[in-house]
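Engineer: Coordinates in model31.tsv, TSV, C-alpha atoms, are listed below.
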```
chain	number	residue	atom	x	y	z
L	22	GLU	CA	13.42	-15.43	-6.81
L	23	LEU	CA	14.15	-15.00	-3.12
L	24	PHE	CA	11.58	-12.22	-2.83
L	25	VAL	CA	8.84	-14.35	-4.41
L	26	GLN	CA	9.82	-17.25	-2.17
L	27	TYR	CA	9.65	-15.01	0.92
L	28	LEU	CA	6.27	-13.59	-0.12
L	29	ALA	CA	4.86	-17.07	-0.69
L	30	THR	CA	6.26	-18.44	2.57
L	31	TYR	CA	5.04	-15.48	4.61
L	32	SER	CA	1.57	-15.62	3.01
L	33	TYR	CA	1.36	-19.36	3.59
L	34	LYS	CA	2.34	-19.11	7.26
L	35	HIS	CA	0.08	-16.13	8.05
L	36	GLY	CA	-2.87	-17.13	5.88
L	37	ARG	CA	-5.15	-20.11	5.63
L	38	GLY	CA	-2.56	-22.08	3.70
L	39	LYS	CA	-1.79	-24.39	6.60
L	40	GLU	CA	-5.46	-25.32	7.00
L	41	LYS	CA	-5.89	-26.17	3.32
L	42	ASN	CA	-2.28	-27.18	2.72
L	43	ALA	CA	-2.23	-24.74	-0.22
L	44	LEU	CA	-1.37	-21.14	-0.97
L	45	THR	CA	-4.31	-19.12	-2.32
L	46	TYR	CA	-4.68	-15.76	-4.02
L	47	SER	CA	-6.58	-14.46	-1.01
L	48	ASP	CA	-3.60	-15.31	1.21
L	49	LEU	CA	-1.32	-13.26	-1.05
L	50	SER	CA	-3.72	-10.30	-1.26
L	51	HIS	CA	-4.24	-10.34	2.51
L	52	THR	CA	-0.48	-10.27	3.04
L	53	ALA	CA	-0.12	-7.35	0.61
L	54	GLU	CA	-2.73	-5.35	2.52
L	55	GLU	CA	-1.80	-6.22	6.09
L	56	CYS	CA	1.99	-6.55	6.13
L	57	GLU	CA	3.86	-3.26	5.94
L	58	THR	CA	6.74	-4.91	4.06
L	59	PHE	CA	4.43	-5.87	1.18
L	60	GLN	CA	2.16	-2.78	1.12
L	61	PHE	CA	3.54	-1.73	-2.26
L	62	LEU	CA	1.90	-4.85	-3.74
L	63	ALA	CA	-1.61	-3.85	-2.63
L	64	ASP	CA	-2.46	-2.42	-6.07
L	65	ILE	CA	-1.05	-5.45	-7.86
L	66	LEU	CA	-2.74	-8.02	-5.60
L	67	PRO	CA	-6.12	-6.48	-4.70
L	68	LYS	CA	-8.74	-8.48	-2.87
L	69	LYS	CA	-11.16	-10.23	-5.15
L	70	ILE	CA	-14.65	-8.76	-5.34
L	71	LEU	CA	-17.73	-9.82	-7.23
L	72	ALA	CA	-18.41	-8.09	-10.53
L	73	SER	CA	-21.78	-6.88	-9.22
L	74	LYS	CA	-20.09	-5.13	-6.27
L	75	TYR	CA	-17.55	-3.56	-8.62
L	76	LEU	CA	-20.29	-2.24	-10.90
L	77	LYS	CA	-22.13	-0.76	-7.90
L	78	MET	CA	-18.91	0.95	-6.81
L	79	LEU	CA	-18.46	2.41	-10.30
L	80	GLU	CA	-22.05	3.69	-10.33
L	81	LYS	CA	-21.58	5.32	-6.93
L	82	GLU	CA	-18.34	6.98	-8.01
L	83	LYS	CA	-20.01	8.21	-11.18
L	84	ARG	CA	-22.93	9.68	-9.20
L	85	ASP	CA	-20.55	11.28	-6.71
L	86	GLY	CA	-18.52	12.73	-9.59
L	87	GLU	CA	-21.65	14.20	-11.19
L	88	VAL	CA	-22.69	15.80	-7.91
L	89	ARG	CA	-19.25	17.35	-7.49
L	90	GLU	CA	-19.26	18.63	-11.09
L	91	ASP	CA	-22.68	20.21	-10.57
L	92	ASP	CA	-21.40	21.96	-7.43
L	93	GLY	CA	-18.32	23.20	-9.29
L	94	GLU	CA	-20.38	24.60	-12.18
L	95	GLY	CA	-22.50	26.69	-9.83
L	96	GLU	CA	-19.41	28.25	-8.31
L	97	GLU	CA	-17.97	29.07	-11.73
L	98	GLU	CA	-21.20	30.81	-12.77
L	99	GLU	CA	-21.14	32.91	-9.59
L	100	ASP	CA	-17.54	33.92	-10.27
L	101	GLU	CA	-18.46	34.96	-13.82
L	102	ASP	CA	-21.42	37.01	-12.54
L	103	GLU	CA	-19.15	38.82	-10.07
L	104	ALA	CA	-16.61	39.54	-12.81
L	105	VAL	CA	-19.32	40.96	-15.09
L	106	GLY	CA	-20.70	43.05	-12.23
L	107	ASP	CA	-17.25	44.45	-11.48
L	108	SER	CA	-16.61	45.46	-15.10
L	109	VAL	CA	-20.07	47.06	-15.46
L	110	GLY	CA	-19.54	49.18	-12.37
L	111	SER	CA	-16.20	50.52	-13.69
```
Do you think you could lay out the structure here as structure tokens?
Structural biologist:
Amino acid sequence: ELFVQYLATYSYKHGRGKEKNALTYSDLSHTAEECETFQFLADILPKKILASKYLKMLEKEKRDGEVREDDGEGEEEEDEDEAVGDSVGS
């Protein structure tokens, strides 16, 4: 209980809570990202993003993953060719 109270109080004082006279989710997520004491909460209290931005991020990660997989496959084929060449020469 004391931890939650401290988190709320700290977020309120260092966020926009005083301006609005309310504690918001963005105040909590900002505290989790910026304050070293609460860094472990960054995954639990991420900043809010629009669904469209999230979908764009997923598409980009998927494209980047495909590019990396394509690069990895080419290296594997080269390794197999070298192994075949070594056994043929023996």
Engineer: Tell me which protein, DNA and RNA residues are within 8 Å of region 58-66 of chain L, counting all atoms listed in the file, leaving out same-chain ones fewer than 6 positions away, and put them as a ChimeraX atom specification.
Structural biologist: /L:49-50,52
Engineer: Contacts of Thr45 (chain L) at 9 Å or less, counting all atoms listed in the file, minus same-chain residues fewer than 5 places along, as a PyMOL selection string?
Structural biologist: chain L and resi 32-33+36-38+50
Engineer: Would you save the residues of that selection, restricted to C-alpha atoms, as a PDB file, in the coordinates of the input?
Structural biologist:
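What landed in again_33.pdb:
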```
ATOM      1  CA  SER L  32       1.570 -15.620   3.010  1.00  0.00           C
ATOM      2  CA  TYR L  33       1.360 -19.360   3.590  1.00  0.00           C
ATOM      3  CA  GLY L  36      -2.870 -17.130   5.880  1.00  0.00           C
ATOM      4  CA  ARG L  37      -5.150 -20.110   5.630  1.00  0.00           C
ATOM      5  CA  GLY L  38      -2.560 -22.080   3.700  1.00  0.00           C
ATOM      6  CA  SER L  50      -3.720 -10.300  -1.260  1.00  0.00           C
TER       7      SER L  50
END
```
Engineer: Residues at most 9 Å from Thr30 (chain L), counting all atoms listed in the file, excluding those fewer than 5 positions away in the same chain, as a list in words?
Structural biologist: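 That gives Val25, His35 and Leu44 of chain L.
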Engineer: Leaving out region 67-70 of chain L and any residue of its chain fewer than 6 positions from it, which residues lie within 10 Å of it when counting all atoms listed in the file, given as a PDB file with C-alpha atoms, keeping the file's coordinate frame?
Structural biologist:
```pdb
ATOM      1  CA  TYR L  46      -4.680 -15.760  -4.020  1.00  0.00           C
ATOM      2  CA  SER L  47      -6.580 -14.460  -1.010  1.00  0.00           C
ATOM      3  CA  ASP L  48      -3.600 -15.310   1.210  1.00  0.00           C
ATOM      4  CA  LEU L  49      -1.320 -13.260  -1.050  1.00  0.00           C
ATOM      5  CA  SER L  50      -3.720 -10.300  -1.260  1.00  0.00           C
ATOM      6  CA  HIS L  51      -4.240 -10.340   2.510  1.00  0.00           C
ATOM      7  CA  ALA L  53      -0.120  -7.350   0.610  1.00  0.00           C
ATOM      8  CA  GLU L  54      -2.730  -5.350   2.520  1.00  0.00           C
TER       9      GLU L  54
END
```
Engineer: State, in Å with one decimal place, the distance from CA of Ala43 (chain L) to CA of Ala29 (chain L).
Structural biologist: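 Straight-line distance from CA of Ala43 (chain L) to CA of Ala29 (chain L) works out to 10.5 Å.
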Engineer: Kindly give the distance, in Å, that separates CA of Lys39 (chain L) and CA of Ala72 (chain L), rounded to a single decimal.
Structural biologist: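 Distance reported for this atom pair: 28.9 Å.
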Engineer: Find the smallest box with edges along x, y and z containing every listed atom of region 37-46 of chain L, then add 4 Å on each side and report centre and edge lengths in Å to one decimal, as AutoDock Vina command-line options.
Structural biologist:
```
--center_x -3.6 --center_y -21.5 --center_z 1.5 --size_x 12.5 --size_y 19.4 --size_z 19.0
```
Engineer: Interatomic distance between CA of Lys34 (chain L) and CA of Cys56 (chain L)?
Structural biologist: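 Going from CA of Lys34 (chain L) over to CA of Cys56 (chain L), I get 12.6 Å.
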